Every structure is written in C-alpha cells, then in structure tokens.
Amino acid sequence: MNHRSTPHDKPPRPRPRLRRVALALLAGLCAAPIFAADPAPVLNPVVVTGSRVEAESFDLPFSVDVVDMARVRAGNLGVNASEALAGIPGLVVQNRQNYAQDLQISIRGFGARSAFGVRGVKLIADGIPASNPDGQGQAATFNLDVAERIEVLRGPFSTIYGNHAGGVIQLFSRDPKGAPSLRGGALAGSWGTTRIGVGSEGEKDSVGYLLDASRFDTDGYRDHSAATREQAFAKLNFAPDADSRLTLTASGLRQHDTEDPLGLTWATYRRDPRAAEPVAETFDTRKSIDHLQGGATYERRFGDDRLQLVAYAGQRSVTQYQSIPAGPQANPRHSGGVIDFDRSFHGVGARWIGRRELGPGKLTVTAGIDVDRSEDDRQGFENFIGTTLGVKGRLRRDEMDTVTSIDPYVQTAWEQGAWQWTAGLRHSRVKFDIDDDYLANGDDSGALTFRETTPALGVVYKLSPALNFYGSAARGFETPTMTELAYSGAGGAAGFNFGLEPATSTQLELGVKAFVGDNTRLNAAMFQVRTDDELVVESSSGGRTVFKNAGTTLRRGVELALDSEFSPDWRGRLSVTRLRAIYDETFVTGSGAAAKTIADGRRLPGIPALSAYAELKWTPVDGVATALEALYRSKVYVEDTNTERAAPAHALVNLRFTAEQKSGSWTFNEMLRLDNLFDREHVASVIVGDGNGRFYEPGPERSWYAGVRASYRF
C-alpha cells in the first residue's frame with residue numbers, strides 16, 4: 001500500500017598487428033619459470049547476500065552466485081564490473097563503450113530501460129549502498145582491484161533490500177592479512193587504452209590496511225568517446241578484542257571531461273559503427289564526475305548473537321553537457337542543456353542477529369533498520385552563449401532535491417531436519433522533497449511519499465546431501481527515480497510528475513541445486529514476475545523524457561548454470577537464460593498525433609530473450625592458463641511498439657592467457673586478452689525509447705590488451 005502527498009574529428013587508428021603481438025607474448029608466457037598453482041574452484045561458497053548471515057549458497061532458497069575476483073582479476077583489465085559478471089545467469093551487463101553513461105545492468109529484465117547508471121538493481125560495496133534512496137546507482141564506483149568477491153542475488157528475496165525489484169549486486173573488498181606487501185601493474189591495448197595501478201596491504205598487531213590507486217585512459221572505440229578515470233581506495237581493519245571488529249573505508253572517483261558519443265541511428269551504425277552523430281561534436285557532449293565517500297562498519301559478538309552497525313557519508317558532483325538544440329530551450333519551462341549538481345549523501349544502519357535452539361530445530365532471527373538520505377543541489381543552464389555551442393550559458397533551473405528512505409526489516413530462518421524455512425518482511429518509506437528556487441517559470445516545489453511493505457518466503461527441501469529443491473515468493477516495488485519524476489506534460493513542458501506511482505511486483509521462483517559427482521555444480525531455476533504500474537516512457541523530445549505508469553507486465557524465464565572441473569587441467573562453465581518479458585495489458589503512450597498504442601504481448605525493450613555464456617579453461621602447468629570465452633545474446637527491441645529496427649543477435653568469442661611466477665619475495669603476473677576474436681560487428685547495448693532514434697551503441701571490433709604486474713612481500 002502506498003501513500004502520496006503532493007503540494008573534432010580524430011585520425012583513424014591503425015589496426016593492431018594481432019598475430020605478432022599475440023605470438024610474442026604467448027612465447028614469453030610459456031617460457032617463464034612457473035612456481036605458483038592455480039587455486040581450486042569453490043563450488044559451494046559461503047555468502048551473506050540474501051540471508052544477511054553466513055550460509056552456504058547451496059542451502060539457500062533463492063538464486064545467488066559468487067564471483068571469485070582472484071580468478072577474474074588475472075585475465076581482465078579491472079576497469080568495468082562487466083568483466084566480472086559475464087557468466088551469471090539472469091544477469092545482463094552491457095558495456096556501452098561510453099564512460100559518460102556507465103554500464104547498463106539488468107537482472108531478469110529489471111533495469112534494462114535505464115538510459116544511464118543502474119536502476120532496478122541494488123548496488124552495495126562493503127555494506128555501503130552504491131545506489132541512492134530513489135533506486136539509481138553507479139557501478140563505476142566499484143573498485144575491482146581490491147575486491148575479494150562479488151555476490152549476485154536474483155529473484156524474490158532481493159525485495160528484502162528495499163526500493164528495487166530485480167536483484168542485488170554486492171561487492172566485498174578483501175581483508176588485508178599477513179606481512180606488508182607492495183604491488184604495481186600496467187597494461188595497454190587497443191583504442192589508446194592504458195591503465196596503471198599501485199597498491200599496498202598488510203597486517204600487524206591486529207591492524208590491517210589496504211591501499212590502492214589507479215588511472216585508466218582510453219581514446220575510445222568510437223569517435224568522441226575518450227575518457228580518463230582515476231580511482232583510489234583505503235581500508236583499515238581493527239580488532240579491539242576477540243569479539244569485536246571495526247572497519248573504516250574511503251574511496252574516490254575522478255572522471256573529468258569524459259566524452260559522450262551518444263547513440264547512433266541505424267543508418268549511421270550501418271555506415272560507420274565507430275562514428276558519433278554530428279550533434280555530439282557540435283555540442284561537445286561530455287560529463288565530469290567527482291565522487292568521494294567514507295564509511296565505518298562495526299561488529300560485536302555476544303556468544304552466538306551479533307550486533308552490526310554501519311555509517312557512511314559522501315559527496316558527488318556532476319556536470320553534464322547535453323546535445324539539446326537551442327530551439328526547445330526557448331520554452332520557459334525548459335531547464336536547459338547543461339546539468340550541474342552537487343550531491344551530499346549519508347546513512348546509517350543497525351542489525352541484530354540472534355541464533356537459538358527452537359524445539360527440534362535451529363532458529364536465526366535478524367532485525368534491523370536502514371536510514372539513507374541524499375540531497376542534490378541541482379542547477380540547469382543553457383548549453384550555448386549566443387552562437388557558441390557546448391558552453392554553460394544562462395541559469396534555467398535551481399532547486400534542492402532530497403530523497404530520504406527509512407526501512408525497518410526482520411528476517412528469520414528455521415532449520416529442522418531436511419527442511420529449512422526462510423521469511424523476511426521489510427517496510428519502506430521513501431520521501432521525495434523538491435524545493436524550487438528558480439521561480440521565473442513558476443514554483444515546482446512539492447513532496448511525494450511512498451510506503452510499501454514487502455514480504456518474502458522461501459523453503460528448501462534437502463532430498464540428499466547432493467540435491468536440494470527450493471521455492472520462494474515475494475512482493476517487491478520500485479519507486480520512480482528523481483530523474484523519472486522530473487518532467488510531466490507533453491514534451492516535458494510542465495513541472496515535476498507527482499502523479500507517478502511505484503511499480504509493484506509479485507515474484508515466484510522454483511529451483512534445484514545439485515552436485516554431480518565431486519567436481520560439478522548444477523543450478524536450475526524457473527521464475528515468474530508480474531508487475532503492476534510498470535514505469536515506461538510516455539514521450540521523449542527536446543531532451544526531456546516523460547514517464548508514465550503502464551498496465552501489467554509479465555516476465556517468465558528459466559536459468560541454468562553449470563560449473564565443472566573435468567580434470568586438474570580443465571574447467572568449464574556454462575550459463576543460459578531464457579526470458580519472455582512482455583506487456584500483459586494494452587496501453588497508450590503520448591497524445592494527439594504522437595499517441596501510440598502498445599498492444600498486449602509486445603516485448604519489453606532492452607531485454608534479450610536468450611542470453612548464454614560459456615567458458616573453457618586449460619591449465620597445462622601450474623601458473624599458466626588459457627581460456628576461451630563465448631557470449632551470445634539474441635536480438636533486442638529498442639522501444640515499446642517493437643516496430644523500430646531491433647538490435648541484431650550476436651555471438652562473441654574472447655581468448656585470454658595468464659601466467660604467474662614466484663621468486664623469493666617477488667610475484668610476477670602477465671596477461672593477454674583478445675576480445676571479439678572473430679571481429680564481429682555488433683550492437684553492444686541500446687538506449688531504450690530514445691526520442692531522436694539514436695538507439696544503438698556499437699561494440700568494438702577485434703581488440704587486444706596486454707599487462708604485467710609485480711608484487712613484493714616483506
């Protein structure tokens with residue numbers, strides 16, 4: 001139940017001599033002295049996402065996967081979360097090749113419509129939200145250099161994390177242990193890509209530290225897509241006594257003047273996939289980001305019970321130059337073509353975990369509360385001065401946008417014999433408050449409050465130690481983001497859209513988890529999600545997108561994941577997702593001549609019906625490995641009527657080589673990647689419902705990357 005109260009052309013780059021580079025580096029890798037062994041796969045990892053307490057993933061009544069970052073880090077660039085998440089069923093991570101707009105991440109179809117950032121999926125790093133209270137998040141803040149693992153939760157039990165519906169992606173940085181060490185590394189590759197990084201970590205007298213800094217530069221695969229990203233991370237661990245632990249973290253992201261190539265029309269894509277539409281150069285579309293945050297987590301044990309506390313605060317500043325022509329900005333209600341905001345955010349959380357014997361079984365109860373708040377000092381400016389375009393002009397918007405969420409919750413797990421029951425209940429209160437200080441076009445101040453209670457229930461039946469059946473069900477919801485609330489009326493000509501409702505969903509999942517022999521793990525799940533008041537694009541013109549609530553949508557799908565170590569030298573992974581996501585009720589968008597009827601049965605845009613990933617890894621000797629990766633995605637519709645040209649299906653094959661050597665206190669690592677080995681032209685992602693028809697974001701042709709890293713332990 002919810003309640004609302006309102007009041008420069010670039011020269012062509014030469015194609016790399018791939019054969020010469022690959023043969024030279026491969027020969028070096030195979031000739032290197034080898035001493036290190038590849039770690040054995042963990043088929044039943046311990047996770048906390050979903051249950052909030054340590055539990056083996058095999059015994060949980062929902063789909064949750066763990067990415068071991070030690071394995072991922074060895075053969076990748078360490079820049080984008082898409083590198084780590086490629087093989088997770090139900091999860092689609094699309095690299096836009098546009099660092100101004102971040103990755104496009106969707107889980108079981110939730111989040112696919114996001115034109116920038118991540119929405120519909122909760123992002124968390126070391127217990128601190130990387131998503132705002134309104135549901136919008138930034139995966140670019142994830143630091144892959146320091147990550148120990150990433151947990152991905154899908155389906156019904158993700159709703160116990162509050163305002164989102166699709167899933168949870170949670171990163172955990174590693175805890176520094178052992179003698180102090182220093183490390184450094186560098187890589188280079190196609191499209192002017194370079195990355196350097198340094199770090200140090202260690203532990204002494206119950207105090208551990210982890211430090212990391214890196215710089216990434218690229219000219220970009222497409223024209224007008226150059227970017228520089230600088231990241232820093234620090235972590236301190238303290239153990240005041242045997243029963244308590246304190247962790248302090250701080251991180252920063254600096255990304256200035258990141259060029260935005262925008263999407264392409266189909267005609268431009270067919271003519272030159274590396275192009276940018278002329279309007280991107282004309283207005284010099286770009287974005288600058290400064291992000292800084294810090295947090296503290298404290299845990300104390302009281303026998304079998306546990307108290308956990310978290311507090312965080314941060315600052316994020318963004319300036320973005322858009323390609324909106326001067327004409328639409330003549331409308332007095334228009335807020336200009338330059339977005340400029342300073343965001344302060346903070347929050348606290350508290351959780352009590354108690355464990356007791358109850359009759360013939362064991363009961364675990366978790367009770368807690370999360371309080372999060374963000375305040376945006378937001379301004380808008382014209383993106384021209386006279387006839388000069390792509391510069392900050394007159395002020396057209398000035399407001400303070402505040403979002404606050406308060407979420408108490410409780411979870412229980414009861415285990416008795418072959419049965420395990422899990423239940424959760426969360427009550428969310430999300431308040432939007434707009435204080436308009438630019439009154440030349442009227443006062444758009446107002447407030448909006450949503451309240452939702454979301455229950456979840458799951459059960460596991462352990463047929464044998466190697467075979468579990470499970471089922472789960474839950475209610476979930478998604479509020480509009482502040483961006484989706486920003487405009488109303490035809491073409492966004494009016495103020496905030498206080499008439500929007502949250503989308504609410506009912507989710508069901510049935511699955512099986514099995515061990516086949518000693519070295520193979522199989523997970524299979526089928527699911528259904530029925531959503532009411534789905535948020536869709538009502539109109540998009542003049543740089544302003546207006547959203548509305550549609551009728552009912554239906555998502556039905558099947559997920560399969562197989563992980564097997566065939567022998568000490570060979571390991572394989574396979575994941576397949578089949579998803580049918582449709583509008584289950586006819587509705588109309590737009591008005592007058594621009595009105596469109598979206599018929600029952602139309603596919604939700606941005607969601608592939610079939611996606612698959614396979615990997616085969618060979619470790620001929622300890623410390624040397626090569627792997628072949630294959631990725632397939634079926635065609636993707638780009639707007640609600642499904643009449644515009646869909647992005648075609650594509651299959652990509654990647655190849656990677658890694659090596660490691662140890663000599664005394666030194667450890668050396670080398671890597672070589674060949675992405676898109678067969679040089680397939682493809683659309684990597686789409687911009688859903690783009691009003692200018694610029695739906696398509698091409699992926700790169702064949703690319704190579706090579707890197708080295710060294711570390712020294714004292």
# chains A, B, ... in the order shown; residues from 1 in each chain; ligands from 1
$ residues_around --residues "range 665-667 of chain A" --least-positions-apart "3" --cutoff "7 Å" --atoms "only C-alpha atoms" --output "ChimeraX atom specification"
/A:661-662,710-714
$ write_last_selection --atoms "N, CA and C atoms" --output "PDB file, in the first residue's frame"
ATOM      1  N   GLN A 661      54.545 -16.212 -11.857  1.00  0.00           N
ATOM      2  CA  GLN A 661      55.802 -16.776 -11.390  1.00  0.00           C
ATOM      3  C   GLN A 661      56.124 -16.212 -10.015  1.00  0.00           C
ATOM      4  N   LYS A 662      56.774 -17.030  -9.196  1.00  0.00           N
ATOM      5  CA  LYS A 662      57.220 -16.581  -7.886  1.00  0.00           C
ATOM      6  C   LYS A 662      58.715 -16.830  -7.748  1.00  0.00           C
ATOM      7  N   ALA A 710      53.598  -6.834 -10.745  1.00  0.00           N
ATOM      8  CA  ALA A 710      54.598  -7.373  -9.837  1.00  0.00           C
ATOM      9  C   ALA A 710      54.236  -6.981  -8.416  1.00  0.00           C
ATOM     10  N   SER A 711      54.511  -7.890  -7.475  1.00  0.00           N
ATOM     11  CA  SER A 711      54.286  -7.578  -6.075  1.00  0.00           C
ATOM     12  C   SER A 711      55.449  -8.111  -5.247  1.00  0.00           C
ATOM     13  N   TYR A 712      55.705  -7.450  -4.125  1.00  0.00           N
ATOM     14  CA  TYR A 712      56.799  -7.822  -3.228  1.00  0.00           C
ATOM     15  C   TYR A 712      56.265  -7.869  -1.807  1.00  0.00           C
ATOM     16  N   ARG A 713      56.500  -8.995  -1.149  1.00  0.00           N
ATOM     17  CA  ARG A 713      56.063  -9.150   0.243  1.00  0.00           C
ATOM     18  C   ARG A 713      57.277  -9.139   1.164  1.00  0.00           C
ATOM     19  N   PHE A 714      57.222  -8.249   2.153  1.00  0.00           N
ATOM     20  CA  PHE A 714      58.360  -8.075   3.054  1.00  0.00           C
ATOM     21  C   PHE A 714      58.450  -9.208   4.075  1.00  0.00           C
TER      22      PHE A 714
END
$ select_by_dssp --residues "range 546-592 of chain A" --states "strand (DSSP E or B)" --output "PyMOL selection string"
chain A and resi 546-549+553-567+570-583+587-589
$ write_last_selection --atoms "N, CA, C and O atoms" --output "compact mmCIF listing (two decimals), in the first residue's frame"
# COMPACT_ATOMS: atom_id res chain seq x y z
N VAL A 546 9.51 12.02 -20.46
CA VAL A 546 8.40 11.96 -19.51
C VAL A 546 8.01 10.50 -19.34
O VAL A 546 7.89 9.75 -20.32
N PHE A 547 7.79 10.08 -18.10
CA PHE A 547 7.43 8.70 -17.80
C PHE A 547 5.98 8.61 -17.34
O PHE A 547 5.40 9.58 -16.86
N LYS A 548 5.42 7.40 -17.49
CA LYS A 548 4.07 7.14 -17.03
C LYS A 548 4.02 5.72 -16.49
O LYS A 548 4.93 4.92 -16.69
N ASN A 549 2.93 5.42 -15.82
CA ASN A 549 2.68 4.05 -15.38
C ASN A 549 1.86 3.33 -16.43
O ASN A 549 0.79 3.79 -16.81
N THR A 553 2.84 -6.01 -16.64
CA THR A 553 3.86 -6.69 -17.42
C THR A 553 4.10 -8.08 -16.83
O THR A 553 3.82 -8.33 -15.66
N LEU A 554 4.62 -8.97 -17.66
CA LEU A 554 4.86 -10.34 -17.23
C LEU A 554 6.24 -10.78 -17.69
O LEU A 554 6.60 -10.62 -18.87
N ARG A 555 7.00 -11.32 -16.75
CA ARG A 555 8.31 -11.89 -17.05
C ARG A 555 8.30 -13.36 -16.63
O ARG A 555 8.03 -13.67 -15.47
N ARG A 556 8.61 -14.24 -17.57
CA ARG A 556 8.74 -15.65 -17.27
C ARG A 556 10.05 -16.15 -17.86
O ARG A 556 10.38 -15.81 -19.01
N GLY A 557 10.76 -16.95 -17.08
CA GLY A 557 12.04 -17.39 -17.59
C GLY A 557 12.60 -18.61 -16.91
O GLY A 557 12.07 -19.09 -15.91
N VAL A 558 13.68 -19.09 -17.50
CA VAL A 558 14.41 -20.25 -16.99
C VAL A 558 15.90 -19.89 -17.00
O VAL A 558 16.40 -19.29 -17.96
N GLU A 559 16.58 -20.27 -15.92
CA GLU A 559 18.02 -20.05 -15.81
C GLU A 559 18.70 -21.38 -15.53
O GLU A 559 18.20 -22.21 -14.77
N LEU A 560 19.87 -21.55 -16.14
CA LEU A 560 20.67 -22.75 -15.94
C LEU A 560 22.12 -22.36 -15.79
O LEU A 560 22.64 -21.54 -16.56
N ALA A 561 22.80 -22.92 -14.79
CA ALA A 561 24.23 -22.68 -14.59
C ALA A 561 24.92 -23.99 -14.28
O ALA A 561 24.44 -24.78 -13.45
N LEU A 562 26.04 -24.24 -14.95
CA LEU A 562 26.81 -25.46 -14.76
C LEU A 562 28.28 -25.08 -14.61
O LEU A 562 28.83 -24.34 -15.43
N ASP A 563 28.90 -25.59 -13.56
CA ASP A 563 30.31 -25.31 -13.29
C ASP A 563 30.99 -26.63 -12.99
O ASP A 563 30.58 -27.36 -12.08
N SER A 564 32.02 -26.97 -13.77
CA SER A 564 32.62 -28.28 -13.62
C SER A 564 34.13 -28.23 -13.81
O SER A 564 34.64 -27.53 -14.70
N GLU A 565 34.83 -28.97 -12.95
CA GLU A 565 36.26 -29.20 -13.11
C GLU A 565 36.43 -30.61 -13.66
O GLU A 565 36.38 -31.60 -12.93
N PHE A 566 36.61 -30.70 -15.00
CA PHE A 566 36.67 -32.01 -15.64
C PHE A 566 37.87 -32.81 -15.17
O PHE A 566 37.81 -34.03 -15.03
N SER A 567 38.98 -32.11 -14.96
CA SER A 567 40.23 -32.72 -14.51
C SER A 567 41.05 -31.62 -13.87
O SER A 567 40.67 -30.45 -13.91
N TRP A 570 41.49 -28.98 -16.68
CA TRP A 570 40.40 -28.43 -17.47
C TRP A 570 39.22 -28.05 -16.58
O TRP A 570 38.84 -28.81 -15.69
N ARG A 571 38.65 -26.88 -16.84
CA ARG A 571 37.46 -26.44 -16.12
C ARG A 571 36.52 -25.74 -17.10
O ARG A 571 36.96 -24.99 -17.98
N GLY A 572 35.23 -25.99 -16.94
CA GLY A 572 34.26 -25.37 -17.83
C GLY A 572 33.12 -24.74 -17.07
O GLY A 572 32.76 -25.17 -15.97
N ARG A 573 32.54 -23.70 -17.65
CA ARG A 573 31.36 -23.03 -17.09
C ARG A 573 30.36 -22.79 -18.20
O ARG A 573 30.74 -22.51 -19.34
N LEU A 574 29.10 -22.89 -17.86
CA LEU A 574 28.03 -22.61 -18.81
C LEU A 574 26.86 -21.98 -18.08
O LEU A 574 26.49 -22.44 -17.00
N SER A 575 26.30 -20.93 -18.66
CA SER A 575 25.07 -20.34 -18.12
C SER A 575 24.17 -19.96 -19.28
O SER A 575 24.64 -19.46 -20.31
N VAL A 576 22.89 -20.22 -19.10
CA VAL A 576 21.89 -19.94 -20.14
C VAL A 576 20.67 -19.32 -19.47
O VAL A 576 20.21 -19.80 -18.42
N THR A 577 20.13 -18.27 -20.07
CA THR A 577 18.90 -17.63 -19.58
C THR A 577 17.92 -17.48 -20.73
O THR A 577 18.26 -16.91 -21.78
N ARG A 578 16.73 -17.98 -20.53
CA ARG A 578 15.63 -17.78 -21.48
C ARG A 578 14.58 -16.95 -20.77
O ARG A 578 14.08 -17.35 -19.71
N LEU A 579 14.24 -15.80 -21.33
CA LEU A 579 13.34 -14.86 -20.67
C LEU A 579 12.33 -14.29 -21.66
O LEU A 579 12.71 -13.74 -22.69
N ARG A 580 11.06 -14.44 -21.32
CA ARG A 580 9.98 -13.83 -22.11
C ARG A 580 9.40 -12.70 -21.27
O ARG A 580 8.72 -12.94 -20.26
N ALA A 581 9.68 -11.46 -21.68
CA ALA A 581 9.23 -10.28 -20.94
C ALA A 581 8.31 -9.48 -21.85
O ALA A 581 8.74 -8.94 -22.87
N ILE A 582 7.03 -9.39 -21.46
CA ILE A 582 6.02 -8.77 -22.33
C ILE A 582 5.14 -7.81 -21.55
O ILE A 582 5.03 -7.89 -20.32
N TYR A 583 4.50 -6.91 -22.30
CA TYR A 583 3.39 -6.14 -21.74
C TYR A 583 2.17 -7.05 -21.74
O TYR A 583 1.81 -7.63 -22.77
N PHE A 587 -1.89 -0.54 -23.58
CA PHE A 587 -1.93 0.82 -23.05
C PHE A 587 -1.52 1.80 -24.15
O PHE A 587 -1.05 1.39 -25.22
N VAL A 588 -1.71 3.09 -23.90
CA VAL A 588 -1.42 4.14 -24.87
C VAL A 588 -0.39 5.09 -24.29
O VAL A 588 -0.48 5.49 -23.12
N THR A 589 0.61 5.43 -25.11
CA THR A 589 1.57 6.45 -24.72
C THR A 589 1.42 7.64 -25.65
O THR A 589 0.94 7.52 -26.77
$ residues_around --residues "Ala490 in chain A" --least-positions-apart "5" --cutoff "8 Å" --atoms "only C-alpha atoms" --output "ChimeraX atom specification"
/A:539,546,590-591
$ write_last_selection --atoms "C-alpha atoms" --output "mmCIF file, in the first residue's frame"
data_model
loop_
_atom_site.group_PDB
_atom_site.id
_atom_site.type_symbol
_atom_site.label_atom_id
_atom_site.label_comp_id
_atom_site.auth_asym_id
_atom_site.auth_seq_id
_atom_site.Cartn_x
_atom_site.Cartn_y
_atom_site.Cartn_z
ATOM 1 C CA SER A 539 7.229 10.876 -24.529
ATOM 2 C CA VAL A 546 8.400 11.955 -19.512
ATOM 3 C CA GLY A 590 1.762 10.017 -25.966
ATOM 4 C CA SER A 591 -1.185 12.134 -27.010
#
$ residues_around --residues "Thr483 in chain A" --least-positions-apart "3" --cutoff "12 Å" --atoms "only C-alpha atoms" --output "list in words"
Ser114, Ala115, Phe116, Gly117, Arg119, Asn132, Asp134, Gly135, Gln136, Ile339, Asp376, Arg378, Asp401, Val403, Phe432, Thr479, Pro480, Ala486, Tyr487, Ser488, Gly492, Phe496, Asn497, Arg544, Thr545, Val546 and Phe547 of chain A
$ closest_atom_pairs --of "range 209-313 of chain A" --to "range 185-189 of chain A" --cutoff "12 Å" --atoms "only C-alpha atoms" --output "tab-separated table"
residue	atom	partner	partner_atom	distance
A:Asp212	CA	A:Gly185	CA	11.4
A:Ala213	CA	A:Gly185	CA	10.8
A:Ser214	CA	A:Gly185	CA	9.3
A:Arg215	CA	A:Ala186	CA	9.7
A:Phe216	CA	A:Leu187	CA	9.5
A:Asp217	CA	A:Ala188	CA	9.5
A:Thr218	CA	A:Gly189	CA	9.2
A:Asp219	CA	A:Gly189	CA	10.8
A:Gly220	CA	A:Gly189	CA	11.1
A:Tyr221	CA	A:Gly189	CA	11.4
$ residues_around --residues "Ala275 in chain A" --least-positions-apart "3" --cutoff "7 Å" --atoms "only C-alpha atoms" --output "list in words"
Arg222, Asp223 and Asp272 of chain A
$ residues_around --residues "Ala684 in chain A" --least-positions-apart "4" --cutoff "9 Å" --atoms "only C-alpha atoms" --output "MDAnalysis selection string"
chainID A and resid 94:97 647 650 696:700
$ closest_atom_pairs --of "range 252-315 of chain A" --to "range 631-638 of chain A" --cutoff "12 Å" --atoms "only C-alpha atoms" --output "tab-separated table"
residue	atom	partner	partner_atom	distance
A:Gly263	CA	A:Val638	CA	11.8
A:Thr265	CA	A:Val638	CA	11.4
A:Trp266	CA	A:Val638	CA	11.2
$ atom_distance --atom1 "CA of Val529 in chain A" --atom2 "CA of Thr506 in chain A"
5.7 Å
$ closest_residue --among "A:Pro325, A:Phe58, A:Ala466, A:Gly693" --to "Pro45 in chain A" --atoms "only C-alpha atoms"
A:Phe58
$ atom_distance --atom1 "CA of Leu211 in chain A" --atom2 "CA of Val624 in chain A"
27.7 Å
